[in-house]
Structure formats: structure tokens, C-alpha cells
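Heads up, final.pdb below (PDB, C-alpha atoms):
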```pdb
ATOM      1  CA  MET N   1       0.000   0.000   0.000  1.00  0.00           C
ATOM      2  CA  THR N   2       2.728   2.475   0.933  1.00  0.00           C
ATOM      3  CA  THR N   3       4.774   1.700  -2.177  1.00  0.00           C
ATOM      4  CA  ALA N   4       1.700   2.147  -4.376  1.00  0.00           C
ATOM      5  CA  ARG N   5       1.040   5.576  -2.889  1.00  0.00           C
ATOM      6  CA  LYS N   6       4.655   6.623  -3.450  1.00  0.00           C
ATOM      7  CA  ASP N   7       4.323   5.673  -7.118  1.00  0.00           C
ATOM      8  CA  ILE N   8       1.506   8.196  -7.543  1.00  0.00           C
ATOM      9  CA  PRO N   9       3.016  11.582  -8.539  1.00  0.00           C
ATOM     10  CA  ASP N  10       1.915  14.737  -6.756  1.00  0.00           C
ATOM     11  CA  HIS N  11      -0.702  16.657  -8.671  1.00  0.00           C
ATOM     12  CA  LYS N  12       0.333  20.227  -9.383  1.00  0.00           C
ATOM     13  CA  PRO N  13      -2.245  22.664 -10.817  1.00  0.00           C
ATOM     14  CA  ARG N  14      -1.566  23.627 -14.429  1.00  0.00           C
ATOM     15  CA  PRO N  15      -4.147  26.326 -15.162  1.00  0.00           C
ATOM     16  CA  TRP N  16      -2.737  27.267 -18.579  1.00  0.00           C
ATOM     17  CA  VAL N  17      -2.772  23.649 -19.743  1.00  0.00           C
ATOM     18  CA  ASP N  18      -6.304  23.233 -18.376  1.00  0.00           C
ATOM     19  CA  LEU N  19      -7.414  26.392 -20.177  1.00  0.00           C
ATOM     20  CA  LEU N  20      -5.839  25.300 -23.470  1.00  0.00           C
ATOM     21  CA  VAL N  21      -7.037  21.683 -23.444  1.00  0.00           C
ATOM     22  CA  SER N  22     -10.463  22.140 -21.854  1.00  0.00           C
ATOM     23  CA  ILE N  23     -11.593  25.431 -23.388  1.00  0.00           C
ATOM     24  CA  ILE N  24      -9.514  26.958 -26.185  1.00  0.00           C
ATOM     25  CA  ILE N  25      -8.794  23.886 -28.370  1.00  0.00           C
ATOM     26  CA  PRO N  26     -12.352  22.432 -28.134  1.00  0.00           C
ATOM     27  CA  SER N  27     -13.877  25.871 -28.842  1.00  0.00           C
ATOM     28  CA  VAL N  28     -11.718  26.439 -31.942  1.00  0.00           C
ATOM     29  CA  ILE N  29     -12.501  22.951 -33.295  1.00  0.00           C
ATOM     30  CA  LEU N  30     -16.249  23.308 -32.718  1.00  0.00           C
ATOM     31  CA  MET N  31     -16.470  26.834 -34.155  1.00  0.00           C
ATOM     32  CA  LYS N  32     -14.081  26.509 -37.095  1.00  0.00           C
ATOM     33  CA  LEU N  33     -14.035  22.842 -38.164  1.00  0.00           C
ATOM     34  CA  SER N  34     -17.698  21.796 -37.997  1.00  0.00           C
ATOM     35  CA  GLY N  35     -18.388  22.548 -41.663  1.00  0.00           C
ATOM     36  CA  ASP N  36     -18.711  19.722 -44.215  1.00  0.00           C
ATOM     37  CA  GLU N  37     -15.535  20.940 -45.922  1.00  0.00           C
ATOM     38  CA  TYR N  38     -13.596  20.200 -42.721  1.00  0.00           C
ATOM     39  CA  LEU N  39     -14.501  17.580 -40.110  1.00  0.00           C
ATOM     40  CA  GLY N  40     -18.269  17.787 -40.317  1.00  0.00           C
ATOM     41  CA  ASN N  41     -20.533  18.374 -37.346  1.00  0.00           C
ATOM     42  CA  VAL N  42     -20.304  14.819 -35.912  1.00  0.00           C
ATOM     43  CA  TRP N  43     -16.521  14.433 -36.104  1.00  0.00           C
ATOM     44  CA  ALA N  44     -15.916  18.014 -34.970  1.00  0.00           C
ATOM     45  CA  LEU N  45     -18.048  17.324 -31.886  1.00  0.00           C
ATOM     46  CA  LEU N  46     -16.224  14.053 -31.188  1.00  0.00           C
ATOM     47  CA  VAL N  47     -12.744  15.511 -31.699  1.00  0.00           C
ATOM     48  CA  GLY N  48     -13.525  18.736 -29.833  1.00  0.00           C
ATOM     49  CA  LEU N  49     -14.920  16.984 -26.773  1.00  0.00           C
ATOM     50  CA  ALA N  50     -12.170  14.332 -26.861  1.00  0.00           C
ATOM     51  CA  PHE N  51      -9.687  16.913 -25.530  1.00  0.00           C
ATOM     52  CA  PRO N  52     -11.416  17.792 -22.212  1.00  0.00           C
ATOM     53  CA  LEU N  53     -12.700  14.218 -21.833  1.00  0.00           C
ATOM     54  CA  GLY N  54      -9.243  12.714 -22.425  1.00  0.00           C
ATOM     55  CA  TRP N  55      -7.583  15.259 -20.140  1.00  0.00           C
ATOM     56  CA  GLY N  56     -10.095  14.589 -17.370  1.00  0.00           C
ATOM     57  CA  LEU N  57      -9.595  10.827 -17.633  1.00  0.00           C
ATOM     58  CA  PHE N  58      -5.818  11.296 -17.675  1.00  0.00           C
ATOM     59  CA  GLU N  59      -5.989  13.337 -14.439  1.00  0.00           C
ATOM     60  CA  LEU N  60      -8.211  10.738 -12.799  1.00  0.00           C
ATOM     61  CA  ILE N  61      -5.981   7.810 -13.752  1.00  0.00           C
ATOM     62  CA  ARG N  62      -2.542   9.416 -13.491  1.00  0.00           C
ATOM     63  CA  TYR N  63      -3.027  11.246 -10.192  1.00  0.00           C
ATOM     64  CA  ARG N  64      -5.738   9.017  -8.680  1.00  0.00           C
ATOM     65  CA  LYS N  65      -7.954  12.086  -8.304  1.00  0.00           C
ATOM     66  CA  LYS N  66     -10.914   9.959  -7.340  1.00  0.00           C
ATOM     67  CA  ASN N  67     -13.002  12.848  -6.087  1.00  0.00           C
ATOM     68  CA  PHE N  68     -16.569  13.347  -7.206  1.00  0.00           C
ATOM     69  CA  ILE N  69     -15.859  16.800  -8.704  1.00  0.00           C
ATOM     70  CA  ALA N  70     -13.350  15.361 -11.187  1.00  0.00           C
ATOM     71  CA  VAL N  71     -15.721  12.498 -11.987  1.00  0.00           C
ATOM     72  CA  LEU N  72     -18.605  14.936 -12.518  1.00  0.00           C
ATOM     73  CA  GLY N  73     -16.442  16.906 -14.942  1.00  0.00           C
ATOM     74  CA  VAL N  74     -15.836  13.820 -17.069  1.00  0.00           C
ATOM     75  CA  ILE N  75     -19.540  12.884 -16.923  1.00  0.00           C
ATOM     76  CA  SER N  76     -20.501  16.439 -17.906  1.00  0.00           C
ATOM     77  CA  VAL N  77     -18.376  16.333 -21.070  1.00  0.00           C
ATOM     78  CA  GLY N  78     -19.787  12.900 -21.912  1.00  0.00           C
ATOM     79  CA  LEU N  79     -23.365  14.153 -21.529  1.00  0.00           C
ATOM     80  CA  THR N  80     -22.637  17.131 -23.778  1.00  0.00           C
ATOM     81  CA  GLY N  81     -21.406  14.770 -26.471  1.00  0.00           C
ATOM     82  CA  GLY N  82     -24.450  12.544 -26.005  1.00  0.00           C
ATOM     83  CA  ILE N  83     -26.841  15.475 -26.430  1.00  0.00           C
ATOM     84  CA  GLY N  84     -25.102  16.509 -29.650  1.00  0.00           C
ATOM     85  CA  LEU N  85     -24.707  13.041 -31.175  1.00  0.00           C
ATOM     86  CA  MET N  86     -28.213  11.850 -30.309  1.00  0.00           C
ATOM     87  CA  ALA N  87     -29.786  15.137 -31.462  1.00  0.00           C
ATOM     88  CA  ILE N  88     -31.567  15.609 -28.120  1.00  0.00           C
ATOM     89  CA  ASP N  89     -33.412  18.904 -27.665  1.00  0.00           C
ATOM     90  CA  ALA N  90     -30.834  21.636 -27.022  1.00  0.00           C
ATOM     91  CA  GLN N  91     -32.731  22.863 -23.942  1.00  0.00           C
ATOM     92  CA  TRP N  92     -31.397  19.795 -22.114  1.00  0.00           C
ATOM     93  CA  LEU N  93     -27.900  21.184 -22.615  1.00  0.00           C
ATOM     94  CA  ALA N  94     -28.882  24.154 -20.437  1.00  0.00           C
ATOM     95  CA  VAL N  95     -30.321  21.783 -17.822  1.00  0.00           C
ATOM     96  CA  LYS N  96     -27.115  19.731 -17.855  1.00  0.00           C
ATOM     97  CA  GLU N  97     -24.914  22.836 -17.633  1.00  0.00           C
ATOM     98  CA  ALA N  98     -26.830  23.989 -14.557  1.00  0.00           C
ATOM     99  CA  ALA N  99     -27.127  20.541 -12.965  1.00  0.00           C
ATOM    100  CA  VAL N 100     -23.400  19.811 -12.604  1.00  0.00           C
ATOM    101  CA  PRO N 101     -22.431  22.842 -10.436  1.00  0.00           C
ATOM    102  CA  LEU N 102     -25.766  22.548  -8.621  1.00  0.00           C
ATOM    103  CA  VAL N 103     -24.955  18.961  -7.616  1.00  0.00           C
ATOM    104  CA  ILE N 104     -21.520  20.074  -6.388  1.00  0.00           C
ATOM    105  CA  GLY N 105     -23.065  22.944  -4.417  1.00  0.00           C
ATOM    106  CA  LEU N 106     -25.578  20.588  -2.789  1.00  0.00           C
ATOM    107  CA  ALA N 107     -22.745  18.177  -1.965  1.00  0.00           C
ATOM    108  CA  VAL N 108     -20.880  21.037  -0.254  1.00  0.00           C
ATOM    109  CA  LEU N 109     -23.962  21.805   1.859  1.00  0.00           C
ATOM    110  CA  ILE N 110     -24.583  18.135   2.696  1.00  0.00           C
ATOM    111  CA  SER N 111     -20.913  17.676   3.620  1.00  0.00           C
ATOM    112  CA  THR N 112     -21.273  20.314   6.347  1.00  0.00           C
ATOM    113  CA  ARG N 113     -23.380  17.754   8.246  1.00  0.00           C
ATOM    114  CA  THR N 114     -20.595  15.174   8.096  1.00  0.00           C
ATOM    115  CA  LYS N 115     -17.146  14.886   9.687  1.00  0.00           C
ATOM    116  CA  TYR N 116     -15.504  15.892   6.406  1.00  0.00           C
ATOM    117  CA  PRO N 117     -16.929  19.149   5.021  1.00  0.00           C
ATOM    118  CA  LEU N 118     -15.651  19.787   1.494  1.00  0.00           C
ATOM    119  CA  VAL N 119     -14.329  23.223   2.386  1.00  0.00           C
ATOM    120  CA  ARG N 120     -11.736  21.460   4.559  1.00  0.00           C
ATOM    121  CA  THR N 121     -10.712  19.261   1.632  1.00  0.00           C
ATOM    122  CA  LEU N 122     -10.370  22.110  -0.846  1.00  0.00           C
ATOM    123  CA  LEU N 123      -9.315  25.165   1.199  1.00  0.00           C
ATOM    124  CA  TYR N 124      -8.474  24.210   4.783  1.00  0.00           C
ATOM    125  CA  ASN N 125      -6.154  21.286   4.112  1.00  0.00           C
ATOM    126  CA  PRO N 126      -2.484  20.420   4.853  1.00  0.00           C
ATOM    127  CA  ASN N 127      -1.441  21.078   1.240  1.00  0.00           C
ATOM    128  CA  VAL N 128      -2.460  24.739   1.567  1.00  0.00           C
ATOM    129  CA  LEU N 129      -2.248  25.576   5.289  1.00  0.00           C
ATOM    130  CA  ASP N 130      -0.280  24.296   8.268  1.00  0.00           C
ATOM    131  CA  VAL N 131      -3.425  22.840   9.817  1.00  0.00           C
ATOM    132  CA  ASP N 132      -1.674  21.309  12.855  1.00  0.00           C
ATOM    133  CA  LYS N 133      -0.083  24.624  13.785  1.00  0.00           C
ATOM    134  CA  ILE N 134      -3.386  26.460  13.401  1.00  0.00           C
ATOM    135  CA  GLN N 135      -5.293  23.909  15.484  1.00  0.00           C
ATOM    136  CA  GLN N 136      -2.662  24.077  18.233  1.00  0.00           C
ATOM    137  CA  SER N 137      -2.955  27.869  18.408  1.00  0.00           C
ATOM    138  CA  LEU N 138      -6.763  27.681  18.426  1.00  0.00           C
ATOM    139  CA  GLN N 139      -6.658  25.209  21.330  1.00  0.00           C
ATOM    140  CA  GLU N 140      -4.246  27.376  23.296  1.00  0.00           C
ATOM    141  CA  ARG N 141      -6.493  30.424  22.862  1.00  0.00           C
ATOM    142  CA  GLY N 142      -9.785  28.543  23.356  1.00  0.00           C
ATOM    143  CA  CYS N 143     -11.082  29.676  19.960  1.00  0.00           C
ATOM    144  CA  GLU N 144     -11.890  26.315  18.367  1.00  0.00           C
ATOM    145  CA  ALA N 145     -15.692  26.743  18.543  1.00  0.00           C
ATOM    146  CA  GLU N 146     -15.577  30.214  16.988  1.00  0.00           C
ATOM    147  CA  PHE N 147     -13.294  28.966  14.222  1.00  0.00           C
ATOM    148  CA  GLU N 148     -15.611  26.035  13.447  1.00  0.00           C
ATOM    149  CA  ASN N 149     -18.489  28.509  13.183  1.00  0.00           C
ATOM    150  CA  ARG N 150     -16.513  30.628  10.719  1.00  0.00           C
ATOM    151  CA  LEU N 151     -15.522  27.511   8.771  1.00  0.00           C
ATOM    152  CA  MET N 152     -19.215  26.626   8.483  1.00  0.00           C
ATOM    153  CA  LYS N 153     -19.948  30.087   7.076  1.00  0.00           C
ATOM    154  CA  ALA N 154     -17.113  29.621   4.579  1.00  0.00           C
ATOM    155  CA  SER N 155     -18.806  26.378   3.491  1.00  0.00           C
ATOM    156  CA  TYR N 156     -22.047  28.258   2.817  1.00  0.00           C
ATOM    157  CA  PHE N 157     -20.187  30.900   0.824  1.00  0.00           C
ATOM    158  CA  PHE N 158     -18.418  28.099  -1.051  1.00  0.00           C
ATOM    159  CA  ALA N 159     -21.743  26.461  -1.932  1.00  0.00           C
ATOM    160  CA  GLY N 160     -22.953  29.882  -3.103  1.00  0.00           C
ATOM    161  CA  THR N 161     -20.214  30.039  -5.761  1.00  0.00           C
ATOM    162  CA  PHE N 162     -21.591  26.844  -7.306  1.00  0.00           C
ATOM    163  CA  LEU N 163     -25.138  28.212  -7.180  1.00  0.00           C
ATOM    164  CA  PHE N 164     -23.862  31.252  -9.084  1.00  0.00           C
ATOM    165  CA  SER N 165     -22.229  28.928 -11.644  1.00  0.00           C
ATOM    166  CA  ALA N 166     -25.426  26.894 -12.033  1.00  0.00           C
ATOM    167  CA  ILE N 167     -27.569  29.971 -12.701  1.00  0.00           C
ATOM    168  CA  MET N 168     -25.044  31.543 -15.082  1.00  0.00           C
ATOM    169  CA  ASN N 169     -24.474  28.248 -16.931  1.00  0.00           C
ATOM    170  CA  TYR N 170     -28.209  27.890 -17.546  1.00  0.00           C
ATOM    171  CA  ILE N 171     -28.604  31.495 -18.712  1.00  0.00           C
ATOM    172  CA  LEU N 172     -25.565  31.282 -20.970  1.00  0.00           C
ATOM    173  CA  ALA N 173     -26.620  27.984 -22.540  1.00  0.00           C
ATOM    174  CA  ARG N 174     -30.158  29.206 -23.224  1.00  0.00           C
ATOM    175  CA  TRP N 175     -28.847  32.485 -24.618  1.00  0.00           C
ATOM    176  CA  ILE N 176     -26.122  31.159 -26.922  1.00  0.00           C
ATOM    177  CA  VAL N 177     -27.096  27.596 -27.893  1.00  0.00           C
ATOM    178  CA  THR N 178     -30.378  27.978 -29.780  1.00  0.00           C
ATOM    179  CA  SER N 179     -29.879  25.717 -32.831  1.00  0.00           C
ATOM    180  CA  PRO N 180     -31.022  22.066 -32.974  1.00  0.00           C
ATOM    181  CA  SER N 181     -28.436  19.648 -31.592  1.00  0.00           C
ATOM    182  CA  GLY N 182     -26.601  17.508 -34.116  1.00  0.00           C
ATOM    183  CA  THR N 183     -26.121  20.416 -36.530  1.00  0.00           C
ATOM    184  CA  GLN N 184     -23.117  22.523 -37.534  1.00  0.00           C
ATOM    185  CA  ALA N 185     -24.736  25.594 -35.979  1.00  0.00           C
ATOM    186  CA  PHE N 186     -25.162  23.730 -32.675  1.00  0.00           C
ATOM    187  CA  ASN N 187     -21.450  22.858 -32.636  1.00  0.00           C
ATOM    188  CA  GLU N 188     -20.434  26.450 -33.367  1.00  0.00           C
ATOM    189  CA  GLU N 189     -22.715  27.780 -30.638  1.00  0.00           C
ATOM    190  CA  LEU N 190     -21.416  25.156 -28.212  1.00  0.00           C
ATOM    191  CA  GLY N 191     -17.856  26.260 -28.940  1.00  0.00           C
ATOM    192  CA  ARG N 192     -18.833  29.903 -28.462  1.00  0.00           C
ATOM    193  CA  MET N 193     -20.536  29.095 -25.164  1.00  0.00           C
ATOM    194  CA  THR N 194     -17.458  27.202 -23.941  1.00  0.00           C
ATOM    195  CA  LEU N 195     -15.235  30.156 -24.809  1.00  0.00           C
ATOM    196  CA  VAL N 196     -17.535  32.797 -23.291  1.00  0.00           C
ATOM    197  CA  SER N 197     -18.086  30.791 -20.105  1.00  0.00           C
ATOM    198  CA  TYR N 198     -14.487  31.393 -19.005  1.00  0.00           C
ATOM    199  CA  PRO N 199     -14.630  35.189 -18.591  1.00  0.00           C
ATOM    200  CA  MET N 200     -18.308  35.225 -17.587  1.00  0.00           C
ATOM    201  CA  ILE N 201     -18.360  32.303 -15.131  1.00  0.00           C
ATOM    202  CA  ALA N 202     -14.951  30.779 -14.407  1.00  0.00           C
ATOM    203  CA  ILE N 203     -13.134  34.044 -13.601  1.00  0.00           C
ATOM    204  CA  PRO N 204     -15.905  35.468 -11.328  1.00  0.00           C
ATOM    205  CA  SER N 205     -16.107  32.091  -9.554  1.00  0.00           C
ATOM    206  CA  MET N 206     -12.327  32.148  -9.092  1.00  0.00           C
ATOM    207  CA  VAL N 207     -12.532  35.656  -7.614  1.00  0.00           C
ATOM    208  CA  MET N 208     -15.221  34.466  -5.184  1.00  0.00           C
ATOM    209  CA  MET N 209     -13.053  31.498  -4.195  1.00  0.00           C
ATOM    210  CA  ILE N 210     -10.131  33.847  -3.491  1.00  0.00           C
ATOM    211  CA  ALA N 211     -12.469  36.036  -1.409  1.00  0.00           C
ATOM    212  CA  ILE N 212     -13.537  32.980   0.625  1.00  0.00           C
ATOM    213  CA  PHE N 213      -9.914  32.007   1.219  1.00  0.00           C
ATOM    214  CA  PHE N 214      -9.185  35.623   2.294  1.00  0.00           C
ATOM    215  CA  TYR N 215     -12.144  35.446   4.696  1.00  0.00           C
ATOM    216  CA  LEU N 216     -10.775  32.202   6.106  1.00  0.00           C
ATOM    217  CA  TRP N 217      -7.263  33.648   6.421  1.00  0.00           C
ATOM    218  CA  ARG N 218      -8.542  36.803   8.176  1.00  0.00           C
ATOM    219  CA  THR N 219     -10.347  34.545  10.645  1.00  0.00           C
ATOM    220  CA  ILE N 220      -7.193  32.484  11.256  1.00  0.00           C
ATOM    221  CA  ARG N 221      -5.092  35.612  11.710  1.00  0.00           C
ATOM    222  CA  ARG N 222      -7.531  37.150  14.197  1.00  0.00           C
ATOM    223  CA  LEU N 223      -7.981  33.964  16.232  1.00  0.00           C
ATOM    224  CA  THR N 224      -4.377  32.697  16.219  1.00  0.00           C
ATOM    225  CA  GLY N 225      -2.289  35.865  15.762  1.00  0.00           C
ATOM    226  CA  HIS N 226      -0.279  34.224  12.964  1.00  0.00           C
ATOM    227  CA  THR N 227       0.475  35.894   9.651  1.00  0.00           C
ATOM    228  CA  LEU N 228      -0.342  34.179   6.373  1.00  0.00           C
ATOM    229  CA  GLU N 229       3.331  33.271   5.802  1.00  0.00           C
ATOM    230  CA  GLU N 230       3.439  31.574   9.217  1.00  0.00           C
ATOM    231  CA  VAL N 231       0.415  29.346   8.585  1.00  0.00           C
ATOM    232  CA  LEU N 232       0.981  28.477   4.939  1.00  0.00           C
ATOM    233  CA  SER N 233       1.913  24.845   4.457  1.00  0.00           C
ATOM    234  CA  PRO N 234       5.654  24.330   3.741  1.00  0.00           C
ATOM    235  CA  ALA N 235       4.524  22.645   0.510  1.00  0.00           C
ATOM    236  CA  ALA N 236       2.821  25.913  -0.470  1.00  0.00           C
ATOM    237  CA  GLY N 237       5.871  28.006   0.334  1.00  0.00           C
ATOM    238  CA  GLY N 238       5.133  28.825   3.966  1.00  0.00           C
ATOM    239  CA  GLN N 239       7.614  29.124   6.806  1.00  0.00           C
ATOM    240  CA  GLY N 240       6.263  26.135   8.724  1.00  0.00           C
ATOM    241  CA  ASP N 241       7.789  25.785  12.188  1.00  0.00           C
ATOM    242  CA  LYS N 242      10.448  28.335  11.318  1.00  0.00           C
ATOM    243  CA  GLY N 243       7.922  31.072  11.980  1.00  0.00           C
ATOM    244  CA  ASP N 244       7.572  30.052  15.628  1.00  0.00           C
TER     245      ASP N 244
END
```

Before anything else, please render the file you have as C-alpha cells.
Amino acid sequence: MTTARKDIPDHKPRPWVDLLVSIIIPSVILMKLSGDEYLGNVWALLVGLAFPLGWGLFELIRYRKKNFIAVLGVISVGLTGGIGLMAIDAQWLAVKEAAVPLVIGLAVLISTRTKYPLVRTLLYNPNVLDVDKIQQSLQERGCEAEFENRLMKASYFFAGTFLFSAIMNYILARWIVTSPSGTQAFNEELGRMTLVSYPMIAIPSMVMMIAIFFYLWRTIRRLTGHTLEEVLSPAAGGQGDKGD
């Protein structure tokens, strides 16, 4: 078991690769190569969606990222392809686009009733913050209950970012993708929607995530007295125990 874990490489975020493979390349293929003189609408859809689908599967297999968010991403791309290939009413694309972040948001809320709220996994975790050092300081100051309350609020804010994504995804899909699925126009509109979703949804969601992390850090600083550099995980470039 230990040897198997050591064989799994650490996953390091590669936002520019993600942007290129999951958004830019598929969008260009769908918008520019769906005509009969190029790939045609069926092959353009298959090739375009093969990039984010293949990348998602690679991440799952290579880095053992067996979390439901990664799995939902792969399922989402597969459903998009199914809607296009089976010529299902395009309105279901909007439903699917809204359903994926909505499911994640609901999972975040449900996780707050368990021992492992998702906000701990994604924001308050040893890869980002020196959790042991923070918990020790909270215990010494008797602030654990107040911190847990703030962490719960952060979870609600976190769920809110996915609600925002769900609403915006639905609006964007209904606004841009209006042609029947299985057509060249549908592919082009799908590519346009994918491209537009980054500045209209992904970037605002990222800003909200940063704001939530800032809220969490301000809480940690007030309750423990540590600076951000002192509580950052050594893996994230923090000082670790050297700040004590």
C-alpha cells in the first residue's frame, strides 16, 4: 500500500494547460471545423470533446484524483457529447450545464453535516495551510468553537459560488445555444458558449473562491495571531515551524 502511494506523482495545478485543453482547443474545433468541408458536425463534436474528456480521464488515472468533482467533470463532457450526437433537444444542454455545479453545491452543503466538510478538503487542508499549527494555536487560545463557526460560514459561501455557476451556466446555454443539436450551428454555438463561459463564469467564480480564502485567512489571523506566511503549508511556500 505504501509503495503504491509513493508511485503516484503529486498533482500540481496547471491552469494554462487546463485552459488550453479544456476550453480553447475544443472551442476552436467546434467553431471553425464543424463545416462539411472540414470535419463535419459529428466528427468536430467528437474531436472537440475528446480533448477535455481525455484530459479529465488522464488526471483521474494518473493522479488518482478519485473525487466526485473530477468524476462529474468527465460525466458532464460525456453528456454534452451525447446530447449533440443523439440530437436531443438543445434545452437539455442548459439543464445539464446547470445541474453539474448545482450537484456540487448541494454536496458542499450536505458535507457540512458530516465529519468531512468539502471546504476542509479544498481550502483548509495540509497542502495549503499548516493545519496542525493552526489547530494548536486555536486550542491554546480557546477559539476552536468560533473557528468552526466561521468555517461553516465559509462552506455556505463556497456552496454559493456553485449556485452562481449553475444559474449563469443555464442562462448562458439558453442564450447562446439555440440551434437544434446535431447540426453545424449547434457545434459552433457550443464552442462559443465554452469560450464565453471562461470570462463570464470561471473568472468570477475564481474571484469568489479567493475572497472565501481571504475570509478564512482573516479569521485564522484574528484567532491565532499568525500571519499568512506563518500558517501556509511548507509545501505551499510557507515558513512552517520556522515562523515560531

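Distances to Leu53 of chain N were evaluated for N:Thr80, N:Gly225, N:Met31, N:Leu39 using all atoms listed in the file, and the minimum falls at N:Thr80.
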
Report task. Name every residue that the PyMOL selection byres ((chain N and resi 102-118) around 7) selects in this structure, writing the answer as a PyMOL selection string with chains first and numbers rising. Result -> chain N and resi 69+98-101+119-122+152+155-156+159+162-163+166

Query - Output of the PyMOL selection byres ((chain N and resi 134) around 10), listed as number ranges by chain - result: N: 129-133, 135-140, 144, 220-221, 223-226, 230-232

Query raised in the report: Got a sec to resolve the PyMOL selection byres ((chain N and resi 175) around 12) on this structure and send the residues as JSON, numbers by chain?
Result: {"N": [90, 91, 93, 94, 168, 169, 170, 171, 172, 173, 174, 176, 177, 178, 179, 189, 190, 192, 193, 196, 197]}

**Report entry** Ile210 of chain N environment, 12 Å, all atoms listed in the file, sequence neighbours closer than 5 positions dropped, as a ChimeraX atom specification
**Finding:** /N:123,154,157-158,161,203-205,215-217

Query raised in the report: Please, what distance in Å, to one decimal, runs between atom CA of Gly191 of chain N and atom CA of Met209 of chain N?
Result: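 Between atom CA of Gly191 of chain N and atom CA of Met209 of chain N the gap works out to 25.7 Å.
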
Listed atoms of segment 206-210 of chain N boxed axis-aligned with 5 Å per side, centre + edges as JSON:
```
{"center_x": -12.7, "center_y": 33.6, "center_z": -6.3, "size_x": 15.1, "size_y": 14.2, "size_z": 15.6}
```

Requested in this report: Could you tell me how far atom CA of Leu49 of chain N lies from atom CA of Gly81 of chain N, in Å and to one decimal?
Outcome: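 Here the two named atoms are 6.9 Å from each other.
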
Query raised in the report: When you draw a straight line from atom CA of Glu146 of chain N to atom CA of Thr227 of chain N, how long is it in Å?
Result: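 These atoms are spaced 18.5 Å apart.
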